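Beneath this line is the structure, given in structure tokens, with notes to follow.
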Amino acid sequence: MKGNKLIYLSTLIIALFLGVFSYLNINRPAPDTSNELGGDFSIPIEKGQFSLSDYRDKVVLLYFGYASCPDVCPTALALTGNILKKMPEHVSAQVQPLFISVDPDRDDLSKLTQYGHYFHPSMIAGTDKKQNIDKLVRQYGAYYSINNDTNSAMGYTVDHTSRLYVIDQQGKLAKALGHSDIQPNLANTLLKLTGN
Amino acid sequence: MKTISLLIVGLLSLPLSAAELSVDGGYLRATPPGQMMGAAFMTLSNNSDKTVTLTGGQSAETAAIEVHNHSMSDGVMSMQQLEELNIKAGEKVQLAPGGLHIMLIGLKKSLLAGEKFSFELNFKDGSKQTLELPIKSIVN
């Protein structure tokens with residue numbers, strides 16, 4: 001009798017535990033088991049909206065930065081633009097460079113358009129409200145953070161990852177090139193993706 | 001006339017602080033339109049027997065000139081102001097892309113490739129050194 005009670009009690013406890021566990025599981029947002037970064041997005045640009053889904057026939061090169069960045073962003077963007085200018089035209093015609101500013105307070109859309117064109121005539125540039133930028137940055141596994149911890153006359157700087165996201169013609173993230181991988185690897189990556 | 005202007009150019013290119021600190025390979029990076037931040041790069045050599053401390057600079061064409069450094073941690077680039085950059089006796093310090101640079105904040109106009117830009121470096125001992133550096137573009 002004592003044994004039965006023990007079995008009964010332990011079954012009850014296990015059942016309760018399982019119940020609570022599955023309840024917690026149901027109420028938790030489904031974990032992203034695909035582990036896939038990237039995907040479609042839409043962002044305001046001077047001429048309206050840039051939607052990745054409109055670029056299915058192109059390789060999109062996406063870079064997150066800020067226009068007041070004096071060194072790292074211009075270096076990455078100039079490298080990208082310079083490499084594109086050296087590619088055969090049938091290849092560069094299939095590539096769309098895109099700069100997204102994570103500093104909407106200082107970068108307006110018309111300034112960003114000029115900023116992008118400076119590095120490559122076809123470079124599009126845009127930004128969005130902080131909330132949407134944060135979501136997009138997470139979606140691509142990038143990172144940025146406003147750094148107020150400075151006496152600098154700049155007011156604040158932006159800590160950020162410097163990566164060039166290569167998105168293929170299916171809208172999938174094909175590669176994330178680190179800052180120092182742009183120069184050695186971008187041309188080959190583009191040639192491969194455009195079937196050359 | 002030509003001799004006089006050559007003489008003036010010659011005098012201007014002499015560092016004001018008696019060659020204690022020599023500046024080599026200095027240039028500014030051309031800026032995209034609307035970009036009010038600029039960067040200058042150079043190699044500073046301290047030819048004296050004392051530490052020279054660079055604290056920043058000034059120009060009528062900018063709101064502020066500061067020494068900044070970059071650091072990379074876990075793939076995240078961050079930039080900090082250095083209130084003092086020490087260049088020890090006999091040492092060279094390189095200010096180059098991705099690392100130390102002179103940051104020009106609040107430029108009144110874009111830095112155009114092919115033009116020159118002059119500004120002063122300020123040192124902790126109160127001395128100043130005037131530089132006139134070429135502006136170069138990194139965009140082909």
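Residues are referred to by chain and number: the chain letter is A, B, ... according to the order shown in the structure tokens, the number counts from 1 in that chain, and ligands are numbered separately from 1 in the order shown.
Excluding range 137-154 of chain A itself and same-chain residues fewer than 6 positions from it, the residues having an atom within 8 Å of it are A:Leu37, A:Gly38, A:Gly39, A:Phe64, A:Val102, A:His160, A:Thr161, A:Arg163, B:Ala63, B:Ala64, B:Glu66, B:Val76, B:Gln80, B:Gln81, B:Ile105, counting only C-alpha atoms.
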At most 8 Å to chain A: residues in chain B, only C-alpha atoms, as number ranges by chain: B: 32-39, 63-64, 66, 75-81, 97-98, 103, 105, 138-140
